[in-house]
Amino acid sequence: MTAVDDAPLSAAGNPIGFGSMKRVEDQRFVRGQGNYVDDVNLPGMLHSAILRSPYAHARITSIDTSAAEALPGVRAVITGKTLEGIARPSLLGDNFAWMPTLSYDTQAVLATDKVRFQGQEVAYVIADSRYIAKDALELIVVDYDPLEPVMDAKRALDPDAPIIRDDKGFTDNRVVDVHGQTSWESGNAESTAAAFARAEADPDCVVVTQEILYPRVHPAPMETCGSVAYLDKVTGQLTLYTTSQAPHAHRTVYAMVAGLPEQKIRVISPDIGGGFGNKVPVYPGYVLSIIGTIVTGKPVKWMEDRSENLMSTGFARDYHMTAKVAATKEGKILAVDVDVLADHGAFNGVAQPTNFPAGFFNIFSGSYDYPDAHCKVDPVYTNKAPGGVAYACSFRITEAAYVIERLVDCLAQELQMDPAELRLKNLLRPEQFPYMSPTGWEYDSGEYEKTMRVAMEIAGYDELRREQAEKRARGEYMGIGISFFTEGVGAGPRRTMDILGLGMADGIELRIHPTGKGVLRLSVQSQGQGHETTFAQIVSHELGIPPEDIEVVHGDTDQTPFGLGTYGSRSTPVSGAAASVVARKIRDKARLIAAAALECSPDDLEWELGRWYVKGDKERGKTIQEIALLSHGSLELPEGVEGHLDATAVYNPPNLTYPYGCYICVVDVDPGTGQVKIRRFIAVDDCGTRINPMIVEGQVHGGLADGVGMALMELIAFDTDGNNLGGSFMDYLLPTAIECPDWELGETVTPSPHHPIGAKGVGESATVGSPAAVVNAVIDAISPFGVRHADMPLTPANVWRAIQGRNVRTDMAVE
Amino acid sequence: MQVTITINGEPVTRDVEPRTLLVHFVRDDAGLRGTHWGCDTSNCGACTLWVDGSPVKSCTMLAAQADGHEVTTVEGLEQGGELDPVQKGFIECHGLQCGFCTPGMMMTGRWLLDNNPHPSDGEIREAISGQICRCTGYKNIVKAIQWAADNPATNEVNA
Amino acid sequence: MQTPAPVDYVRATSVENAISLLEQHGEDARLLAGGHSLLPMMKLRLARPEILVDLQGLSELRGIKVDGGDLVIGAMTTHAEILDSPILSEHYAIFREAEKVIADPVVRNKGTMGGSMCQADPSEDLSAVGAALKGTVVIQGSGGKRTVEIRNFHEGPYETKVKDGEILTEVRFPIRPGAGSAYEKVERRVGDWPVCSAGAYVVVSGGTVTDCGIGLTAVGASHFCAPDAEAYLIGKPPTEANLAEAARLAAESCDPTSDQRGPADYKKHLAQELTLRALRRAAAASQGA
């Protein structure tokens with residue numbers, strides 16, 4: 001932590017470099033001066049609304065829009081038929097009714113043949129006000145011929161199950177990826193099977209099998225999705241203000257969908273009210289707002305309701321897992337195998353690198369040292385909303401971390417061993433790094449045991465176990481849950497990682513103005529992470545320019561270089577590295593200019609924060625500000641050195657970064673009611689170098705709340721008729737300040753060896769790592785009732801039923 | 001119908017449909033977009049502002065109901081060019097990330113401190129329990145409101 | 001955001017004026033109190049009145065007072081005012097305990113006693129409180145006032161004895177010297193509707209229960225009360241066994257349905273568990289514990 005402690009302060013009191021600097025963006029947010037998409041109002045702007053299907057699976061027999069069209073104030077009513085009539089000069093289809101997903105599937109913009117999930121887009125109204133648009137929706141008459149909905153992934157593969165994707169000519173409900181595969185495997189199937197066979201035969205070994213569901217949840221950012229589109233018919237310029245975590249990637253998708261020339265498309269992602277993965281995909285609503293401006297010639301705004309957000313946009317998880325572990329009776333893990341039935345909804349709309357159709361789920365081998373691991377993932381279509389990779393999941397590492405951490409606790413219970421002791425026996429050791437995992441991930445750095453000991457120390461682990469024993473003797477049920485997770489974040493490298501063929505590398509541009517103050521242009525897009533602050537700090541760290549002198553520009557494709565966007569915790573690992581690299585280019589160039597000014601060889605110069613000086617003569621030197629002025633002035637520059645002090649870079653990460661952490665949760669369970677109270681939560685994260693520790697801790701706090709939410713209350717369930725039972729904030733419950741404890745944080749710092757400043761991503765760590773800690777704590781509390789596992793969410797009812805020995809499918813309607 | 005609402009001390013008169021929700025009046029008719037909305041069911045609290053000095057969810061009130069009343073929004077917190085201590089506290093304690101729930105949280109925080117200048121952490125958590133934040137996990141919101149309690153405004157600014 | 005269908009709006013100038021407006025518009029009119037039940041339904045377009053009669057100006061409908069042997073809560077009194085009322089707390093802890101877990105603090109600033117009672121949600125907490133305390137509501141129409149026992153007020157889910165052209169003006173609760181009361185609620189999360197709530201008052205005199213009331217909500221208790229359990233307890237000492245048997249009888253009279261808050265068997269279990277907890281605390285309070 002020397003960098004943080006040693007950073008000198010600027011005139012404005014900010015650390016020059018790393019440290020807990022107050023956020024630049026807060027000045028506008030606390031004044032109510034943020035600029036979110038619904039705050040965008042263009043002259044002559046119209047409003048719009050989408051009619052959605054009440055059925056999960058039904059054939060559309062007719063749509064009558066005449067009454068809606070006749071309503072005063074309605075400008076246009078668009079249906080799938082309308083879109084089929086709009087020719088599209090594009091490789092991806094000849095009309096606008098269908099659009100590509102980020103996983104090479106197609107998704108209906110407006111349903112033409114049939115609806116495939118409740119909440120699917122059926123018709124689109126453009127009107128003078130949002131109220132009139134809503135009124136018009138009520139006047140559209142749609143005749144449906146209901147079909148049997150497939151609401152359970154386990155039903156999807158039945159031979160007599162209805163075919164959902166008949167539009168593609170499919171004869172079953174298996175998802176087919178771009179390589180034609182319908183099943184995704186990783187690890188070594190043979191060696192893993194052999195390891196299990198040996199363990200089964202060995203009286204000194206155990207095999208524990210557990211079915212584990214990670215139910216469907218939703219990122220539910222506070223701001224719903226929306227857009228304002230305007231096509232200037234004179235210039236042909238399309239401007240789209242939109243809730244996008246990846247404005248550049250979206251621009252390319254719109255170019256492909258709309259057949260518009262990409263140089264005429266400007267995507268502006270203004271302030272974003274939280275993303276968490278929800279704002280990575282391209283949704284029909286965005287496309288419809290573009291069609292709306294094409295049809296009306298006016299700017300058109302579309303903002304979805306909360307229920308539309310919950311029912312139609314990118315959900316997360318829905319992984320039905322069967323996991324098994326083999327271990328010695330002394331607690332040495334030998335092998336893990338996981339079988340997954342993956343519910344992808346009605347369209348394969350997952351947003352993840354092309355070659356990783358199950359995301360990074362195959363990092364499930366976790367933080368432990370064992371040779372054999374294997375997983376198989378079978379993806380299926382169901383009559384549910386599309387999505388699957390969202391909600392701060394680090395491309396499905398949420399599911400991976402949850403399954404292994406739950407499984408390890410099941411093993412501990414089987415062995416009657418303390419779960420901390422079991423983990424300590426199996427954690428990877430520092431000398432094993434870089435470590436090649438049995439499924440092919442190269443973990444960059446880690447000192448796992450140290451981190452775990454810090455967490456146990458903060459928790460007072462031994463004392464907690466003593467307290468638990470005393471309480472149990474009195475009939476009180478307290479539980480202690482541990483989770484140790486490892487993530488791989490910061491996609492690419494571009495050689496192996498792309499989305500729709502777009503390599504996952506990030507551009508960046510830095511200009512230092514003559515007065516030594518600069519502008520940094522990013523491709524990534526903050527949804528609350530504080531990029532305007534932390535990226536200025538990275539430049540400050542490299543160049544010694546005070547952070548307040550660096551303006552960070554992001555969220556506008558006309559103003560920033562190309563890059564893949566902010567999700568999968570990739571901003572710091574990828575664009576953060578880019579910021580460091582581009583600033584170092586400036587520093588190197590400044591050295592040449594300083595040498596020219598000081599009439600010495602560049603090799604004679606030495607760098608200290610903000611200044612090149614002559615070795616052995618510290619007085620002779622030039623500050624970066626002086627060099628900036630010289631670079632724009634009349635100084636004779638050496639041959640090959642251009643004037644000015646600007647640079648660009650594209651950062652292609654050599655590997656992911658591997659943040660990790662140990663979380664400990666303490667709960668009290670009331671067995672009479674099933675209520676769970678989280679008493680304490682200890683989180684020790686190691687995300688390498690911390691650019692702004694205040695912001696890092698804030699990121700962790702938010703993710704821990706996510707974990708509490710998913711573990712205890714968040715759920716998108718469906719009934720057998722296809723109704724979404726989590727379609728409003730009355731039913732999709734998010735944790736409040738009451739359910740969240742006063743988080744207790746600690747840290748260790750093990751820098752990434754391959755990242756320019758040693759930083760690892762942290763935005764999703766806590767969301768990935770915390771659910772298992774909460775669930776493990778609850779199960780620990782009620783284990784005296786013979787409970788080994790219960791699925792999330794652990795609502796009072798589900799905890800009570802687990803105590804009664806009656807676990808149930810939590811993802812279906814309660815019966 | 002004609003509605004006059006005094007917003008942050010300034011009367012705003014507009015012709016609106018009686019069904020117009022207060023949050024839309026404030027945002028679209030009065031043009032004060034610091035008040036946000038985040039749900040359909042009065043659960044999220046992003047739209048919290050004050051009517052006659054008490055926090056209400058402006059998505060669950062008609063502008064017509066506020067006719068003749070006083071509304072205070074986040075834009076009205078700053079006094080004499082000086083941020084309210086609650087606003088300062090949110091900056092000092094990293095009480096916000098995406099900023100979307102922040103105006104509503106600050107309105108409730110200010111109201112709490114006006115009625116209970118030295119609340120416990122538990123009282124703060126209770127006061128904001130009808131408002132959802134997806135970013136902060138609430139800890140720093142509690143700290144921010146405590147910071148404001150510890151650093152009250154001096155009255156010199158408004159004198 | 002979801003928005004209401006077109007509607008007209010008028011502010012009543014007096015109770016009589018409100019009644020005459022209701023009579024004029026018939027079933028197309030709805031009274032608007034705090035709006036926190038009605039406006040969400042209107043936004044979902046599940047309710048679409050043609051005119052709203054806003055009662056906000058009727059100060060005579062607002063406030064908490066003692067009138068003879070009764071506590072009187074005006075229909076327009078907000079949840080926040082009930083929660084903070086020293087008069088109510090002095091006589092019945094159940095008001096404060098229930099109000100603390102109704103919705104959230106911001107909603108409690110607008111939602112009202114009368115609005116909650118007339119919405120008549122089958123999970124309404126105040127209905128359980130009112131039924132437990134054997135309160136009465138006063139309903140006024142052009143023909144004058146009438147009084148209805150809360151245990152006879154509900155006609156079914158979302159249906160009450162208040163007819164078109166009538167206003168619920170106040171709710172009355174008899175003061176019972178020596179009574180202890182308590183409220184217990186299990187919810188999936190703070191601010192949620194109850195999975196089950198149970199409230200009770202108990203008067204213990206000379207070592208036996210001389211009077212008691214039990215209210216339950218969200219679990220299909222007929223009229224939100226458990227008269228068999230009450231009858232069982234009266235005249236008996238408040239021993240754990242007697243309270244437990246009363247709680248068992250209370251749960252037996254419930255007929256909950258399964259929903260996302262929980263399965264019916266769990267709700268039935270909660271009816272018993274929470275009734276027992278409420279009775280225990282109420283009996284202890286009556287005995288000065």
# chains A, B, ... in the order shown; residues from 1 in each chain; ligands from 1

$ closest_atom_pairs --of "chain B" --to "chain A" --cutoff "8 Å" --atoms "only C-alpha atoms" --output "Markdown table"
| residue | atom | partner | partner_atom | distance |
| --- | --- | --- | --- | --- |
| B:Arg33 | CA | A:Asp39 | CA | 6.2 |
| B:Gly34 | CA | A:Gly32 | CA | 3.7 |
| B:Thr35 | CA | A:Gly32 | CA | 7.0 |
| B:Trp37 | CA | A:Glu223 | CA | 7.6 |
| B:Gly38 | CA | A:Met222 | CA | 5.4 |
| B:Cys39 | CA | A:Arg306 | CA | 4.8 |
| B:Asp40 | CA | A:Arg306 | CA | 6.0 |
| B:Thr41 | CA | A:Phe729 | CA | 6.6 |
| B:Asn43 | CA | A:Phe729 | CA | 6.1 |
| B:Cys44 | CA | A:Phe729 | CA | 7.4 |
| B:Ala46 | CA | A:Met222 | CA | 7.8 |
| B:Val74 | CA | A:Gly32 | CA | 5.8 |
| B:Glu75 | CA | A:Arg31 | CA | 5.9 |
| B:Leu77 | CA | A:Arg31 | CA | 7.9 |
| B:Glu78 | CA | A:Arg31 | CA | 7.5 |
| B:Gln87 | CA | A:Val30 | CA | 5.6 |
| B:Phe90 | CA | A:Val30 | CA | 7.4 |
| B:Ile91 | CA | A:Asp26 | CA | 6.0 |
| B:Glu92 | CA | A:Lys22 | CA | 6.6 |
| B:His94 | CA | A:Gly698 | CA | 7.2 |
| B:Leu96 | CA | A:Asp26 | CA | 7.5 |
| B:Gln97 | CA | A:Gly528 | CA | 4.4 |
| B:Cys98 | CA | A:Gly528 | CA | 3.5 |
| B:Gly99 | CA | A:Phe29 | CA | 5.5 |
| B:Phe100 | CA | A:Gly273 | CA | 5.1 |
| B:Cys101 | CA | A:Met222 | CA | 7.1 |
| B:Thr102 | CA | A:Val30 | CA | 6.9 |
| B:Pro103 | CA | A:Gly32 | CA | 6.3 |
| B:Arg125 | CA | A:Ala737 | CA | 5.1 |
| B:Glu126 | CA | A:Ile738 | CA | 6.6 |
| B:Ile128 | CA | A:Ala737 | CA | 6.9 |
| B:Ser129 | CA | A:Thr736 | CA | 5.5 |
| B:Gly130 | CA | A:Thr736 | CA | 7.4 |
| B:Gln131 | CA | A:Thr736 | CA | 7.1 |
| B:Ile132 | CA | A:Thr736 | CA | 5.9 |
| B:Cys133 | CA | A:Met222 | CA | 7.2 |
| B:Arg134 | CA | A:Pro221 | CA | 6.4 |
| B:Cys135 | CA | A:Gly702 | CA | 4.6 |
| B:Thr136 | CA | A:Gly702 | CA | 4.4 |
| B:Gly137 | CA | A:Gly702 | CA | 4.3 |
| B:Tyr138 | CA | A:Ala737 | CA | 5.6 |
| B:Lys139 | CA | A:Asp742 | CA | 6.0 |
| B:Asn140 | CA | A:Gly698 | CA | 7.6 |

$ residues_around --residues "A:Pro438" --least-positions-apart "3" --cutoff "8 Å" --atoms "only C-alpha atoms" --output "number ranges by chain"
A: 187-188, 365, 370-373, 441

$ residues_around --residues "stretch 214-225 of chain C" --least-positions-apart "2" --cutoff "9 Å" --atoms "only C-alpha atoms" --output "PyMOL selection string"
chain C and resi 121-134+150-156+193-202+212+227+229-230+250-251+253-257+264+267-268+270-271+275+278-279

$ residues_around --residues "C:Ser286" --least-positions-apart "2" --cutoff "12 Å" --atoms "only C-alpha atoms" --output "ChimeraX atom specification"
/C:91-93,176-182,200-212,238,279-284,288-289

$ write_last_selection --atoms "N, CA, C and O atoms" --output "compact mmCIF listing (two decimals), in the first residue's frame"
# COMPACT_ATOMS: atom_id res chain seq x y z
N HIS C 91 -52.31 3.61 25.79
CA HIS C 91 -53.36 2.61 26.03
C HIS C 91 -53.08 1.27 25.37
O HIS C 91 -53.45 0.23 25.89
N TYR C 92 -52.45 1.31 24.20
CA TYR C 92 -52.23 0.07 23.46
C TYR C 92 -50.88 0.10 22.72
O TYR C 92 -50.70 0.85 21.76
N ALA C 93 -49.97 -0.74 23.15
CA ALA C 93 -48.68 -0.85 22.45
C ALA C 93 -48.86 -1.36 21.02
O ALA C 93 -48.03 -1.13 20.14
N ARG C 176 -59.36 -0.10 27.53
CA ARG C 176 -59.52 -1.19 28.49
C ARG C 176 -58.41 -1.08 29.54
O ARG C 176 -57.28 -1.49 29.30
N PRO C 177 -58.75 -0.52 30.69
CA PRO C 177 -57.71 -0.36 31.72
C PRO C 177 -57.08 -1.71 32.05
O PRO C 177 -57.78 -2.72 32.16
N GLY C 178 -55.79 -1.71 32.14
CA GLY C 178 -55.08 -2.94 32.51
C GLY C 178 -54.77 -3.86 31.35
O GLY C 178 -54.17 -4.91 31.54
N ALA C 179 -55.19 -3.47 30.14
CA ALA C 179 -54.92 -4.35 29.00
C ALA C 179 -53.46 -4.25 28.57
O ALA C 179 -52.88 -3.17 28.58
N GLY C 180 -52.91 -5.38 28.22
CA GLY C 180 -51.61 -5.39 27.54
C GLY C 180 -51.85 -5.79 26.09
O GLY C 180 -52.79 -6.54 25.80
N SER C 181 -51.02 -5.27 25.18
CA SER C 181 -51.24 -5.65 23.78
C SER C 181 -49.90 -5.77 23.06
O SER C 181 -48.89 -5.23 23.51
N ALA C 182 -49.94 -6.47 21.95
CA ALA C 182 -48.70 -6.70 21.20
C ALA C 182 -49.04 -7.06 19.76
O ALA C 182 -50.16 -7.51 19.46
N ALA C 200 -52.76 -8.98 19.52
CA ALA C 200 -53.64 -9.39 20.61
C ALA C 200 -53.64 -8.35 21.72
O ALA C 200 -52.66 -7.63 21.90
N TYR C 201 -54.75 -8.28 22.42
CA TYR C 201 -54.74 -7.62 23.72
C TYR C 201 -55.22 -8.63 24.73
O TYR C 201 -56.01 -9.54 24.42
N VAL C 202 -54.73 -8.50 25.95
CA VAL C 202 -55.13 -9.40 27.02
C VAL C 202 -55.30 -8.58 28.29
O VAL C 202 -54.47 -7.70 28.58
N VAL C 203 -56.38 -8.81 29.00
CA VAL C 203 -56.54 -8.22 30.34
C VAL C 203 -56.46 -9.37 31.34
O VAL C 203 -57.27 -10.30 31.28
N VAL C 204 -55.45 -9.30 32.20
CA VAL C 204 -55.30 -10.32 33.24
C VAL C 204 -55.68 -9.67 34.57
O VAL C 204 -55.16 -8.61 34.92
N SER C 205 -56.61 -10.29 35.24
CA SER C 205 -57.05 -9.74 36.51
C SER C 205 -57.18 -10.89 37.50
O SER C 205 -57.82 -11.90 37.19
N GLY C 206 -56.56 -10.71 38.67
CA GLY C 206 -56.61 -11.76 39.68
C GLY C 206 -56.10 -13.09 39.18
O GLY C 206 -56.61 -14.14 39.56
N GLY C 207 -55.12 -13.03 38.27
CA GLY C 207 -54.49 -14.27 37.82
C GLY C 207 -55.21 -14.97 36.69
O GLY C 207 -54.75 -16.00 36.22
N THR C 208 -56.34 -14.41 36.24
CA THR C 208 -56.99 -15.04 35.08
C THR C 208 -57.23 -14.00 34.00
O THR C 208 -57.29 -12.79 34.25
N VAL C 209 -57.39 -14.53 32.82
CA VAL C 209 -57.68 -13.65 31.67
C VAL C 209 -59.16 -13.29 31.73
O VAL C 209 -60.03 -14.17 31.68
N THR C 210 -59.43 -11.99 31.86
CA THR C 210 -60.83 -11.57 31.94
C THR C 210 -61.34 -11.06 30.60
O THR C 210 -62.55 -10.98 30.38
N ASP C 211 -60.41 -10.70 29.74
CA ASP C 211 -60.83 -10.15 28.45
C ASP C 211 -59.66 -10.31 27.49
O ASP C 211 -58.49 -10.23 27.91
N CYS C 212 -59.95 -10.57 26.25
CA CYS C 212 -58.85 -10.61 25.28
C CYS C 212 -59.40 -10.49 23.87
O CYS C 212 -60.61 -10.66 23.63
N PRO C 238 -53.20 -17.18 32.41
CA PRO C 238 -52.41 -17.06 31.17
C PRO C 238 -51.14 -17.90 31.22
O PRO C 238 -50.04 -17.40 31.06
N LEU C 279 -49.73 -13.18 22.27
CA LEU C 279 -50.45 -13.42 23.53
C LEU C 279 -49.50 -13.38 24.73
O LEU C 279 -49.82 -12.80 25.77
N ARG C 280 -48.36 -14.01 24.58
CA ARG C 280 -47.37 -14.01 25.67
C ARG C 280 -47.02 -12.59 26.09
O ARG C 280 -47.04 -12.25 27.27
N ARG C 281 -46.69 -11.79 25.09
CA ARG C 281 -46.24 -10.44 25.44
C ARG C 281 -47.39 -9.59 25.96
O ARG C 281 -47.22 -8.77 26.85
N ALA C 282 -48.57 -9.78 25.37
CA ALA C 282 -49.73 -8.99 25.81
C ALA C 282 -50.08 -9.36 27.25
O ALA C 282 -50.36 -8.48 28.09
N ALA C 283 -50.07 -10.66 27.56
CA ALA C 283 -50.40 -11.10 28.91
C ALA C 283 -49.37 -10.59 29.91
O ALA C 283 -49.69 -10.13 31.01
N ALA C 284 -48.11 -10.66 29.49
CA ALA C 284 -47.04 -10.17 30.38
C ALA C 284 -47.20 -8.69 30.63
O ALA C 284 -47.05 -8.21 31.77
N GLY C 288 -47.94 -6.30 34.06
CA GLY C 288 -46.93 -5.33 34.47
C GLY C 288 -45.51 -5.78 34.28
O GLY C 288 -44.60 -5.18 34.84
N ALA C 289 -45.32 -6.84 33.50
CA ALA C 289 -43.96 -7.31 33.30
C ALA C 289 -43.21 -6.37 32.35
O ALA C 289 -43.82 -5.71 31.53

$ interface_residues --of "chain C" --to "chain A" --cutoff "9 Å" --atoms "only C-alpha atoms" --output "PyMOL selection string"
chain C and resi 1-6+186-190+192-193+195+257-264+266-267+269-270+273-274

$ interface_residues --of "chain C" --to "chain B" --cutoff "12 Å" --atoms "only C-alpha atoms" --output "PyMOL selection string"
chain C and resi 1-12+32-45+48-57+80+100-111+189-193

$ atom_distance --atom1 "atom CA of A:Cys662" --atom2 "atom CA of A:Tyr443"
16.5 Å

$ atom_distance --atom1 "atom CA of A:Lys154" --atom2 "atom CA of A:Ala342"
9.5 Å

$ select_by_dssp --residues "stretch 5-148 of chain B" --states "alpha helix (DSSP H)" --output "PyMOL selection string"
chain B and resi 22-24+85-92+102-115+121-127+139-148

$ closest_residue --among "C:Glu81, C:Glu159, C:Asp164, C:Glu97" --to "C:Ser142" --atoms "only C-alpha atoms"
C:Asp164

$ atom_distance --atom1 "atom CA of B:Leu83" --atom2 "atom CA of A:Thr534"
23.8 Å

$ select_by_dssp --residues "stretch 14-158 of chain C" --states "strand (DSSP E)" --output "MDAnalysis selection string"
chainID C and resid 29:32 51:54 64:67 70:74 136:141 144:149 154:156

$ write_last_selection --atoms "C-alpha atoms" --output "mmCIF file, in the first residue's frame"
data_model
loop_
_atom_site.group_PDB
_atom_site.id
_atom_site.type_symbol
_atom_site.label_atom_id
_atom_site.label_comp_id
_atom_site.auth_asym_id
_atom_site.auth_seq_id
_atom_site.Cartn_x
_atom_site.Cartn_y
_atom_site.Cartn_z
ATOM 1 C CA ALA C 29 -66.339 8.369 -8.086
ATOM 2 C CA ARG C 30 -63.677 7.326 -5.632
ATOM 3 C CA LEU C 31 -62.546 9.028 -2.480
ATOM 4 C CA LEU C 32 -58.889 10.005 -2.370
ATOM 5 C CA ILE C 51 -63.562 11.331 -10.680
ATOM 6 C CA LEU C 52 -61.500 11.545 -7.539
ATOM 7 C CA VAL C 53 -62.908 13.334 -4.512
ATOM 8 C CA ASP C 54 -59.915 14.463 -2.479
ATOM 9 C CA ILE C 64 -56.422 11.234 17.464
ATOM 10 C CA LYS C 65 -58.406 11.874 20.618
ATOM 11 C CA VAL C 66 -60.070 10.290 23.629
ATOM 12 C CA ASP C 67 -63.842 10.531 23.529
ATOM 13 C CA ASP C 70 -62.989 5.385 23.357
ATOM 14 C CA LEU C 71 -59.842 6.155 21.465
ATOM 15 C CA VAL C 72 -60.874 7.855 18.238
ATOM 16 C CA ILE C 73 -58.725 7.967 15.119
ATOM 17 C CA GLY C 74 -59.973 10.179 12.284
ATOM 18 C CA THR C 136 -65.808 0.100 15.351
ATOM 19 C CA VAL C 137 -65.912 2.307 12.310
ATOM 20 C CA VAL C 138 -68.210 5.257 11.832
ATOM 21 C CA ILE C 139 -69.698 5.526 8.361
ATOM 22 C CA GLN C 140 -71.484 8.655 7.228
ATOM 23 C CA GLY C 141 -73.898 9.068 4.341
ATOM 24 C CA GLY C 144 -76.577 10.255 8.716
ATOM 25 C CA LYS C 145 -74.014 8.222 10.593
ATOM 26 C CA ARG C 146 -73.917 4.563 11.437
ATOM 27 C CA THR C 147 -71.503 2.446 13.379
ATOM 28 C CA VAL C 148 -70.169 -0.922 12.235
ATOM 29 C CA GLU C 149 -67.989 -3.289 14.208
ATOM 30 C CA HIS C 154 -65.413 -6.656 5.678
ATOM 31 C CA GLU C 155 -67.603 -8.237 3.054
ATOM 32 C CA GLY C 156 -64.674 -9.988 1.407
#

$ residues_around --residues "stretch 478-492 of chain A" --least-positions-apart "4" --cutoff "6 Å" --atoms "only C-alpha atoms" --output "MDAnalysis selection string"
chainID A and resid 366:367 401 405 468 497 504 569:570 573:574 653 656:668 769 772:773 776:778 780:781

$ closest_residue --among "A:Val539, A:Asn692, A:Ala323, A:Ala11" --to "A:Tyr402" --atoms "only C-alpha atoms"
A:Ala323

$ residues_around --residues "A:Thr750" --least-positions-apart "5" --cutoff "8 Å" --atoms "only C-alpha atoms" --output "list in words"
Ser445, Gly446, Glu447, Asp686, Cys687, Gly688 and Thr689 of chain A
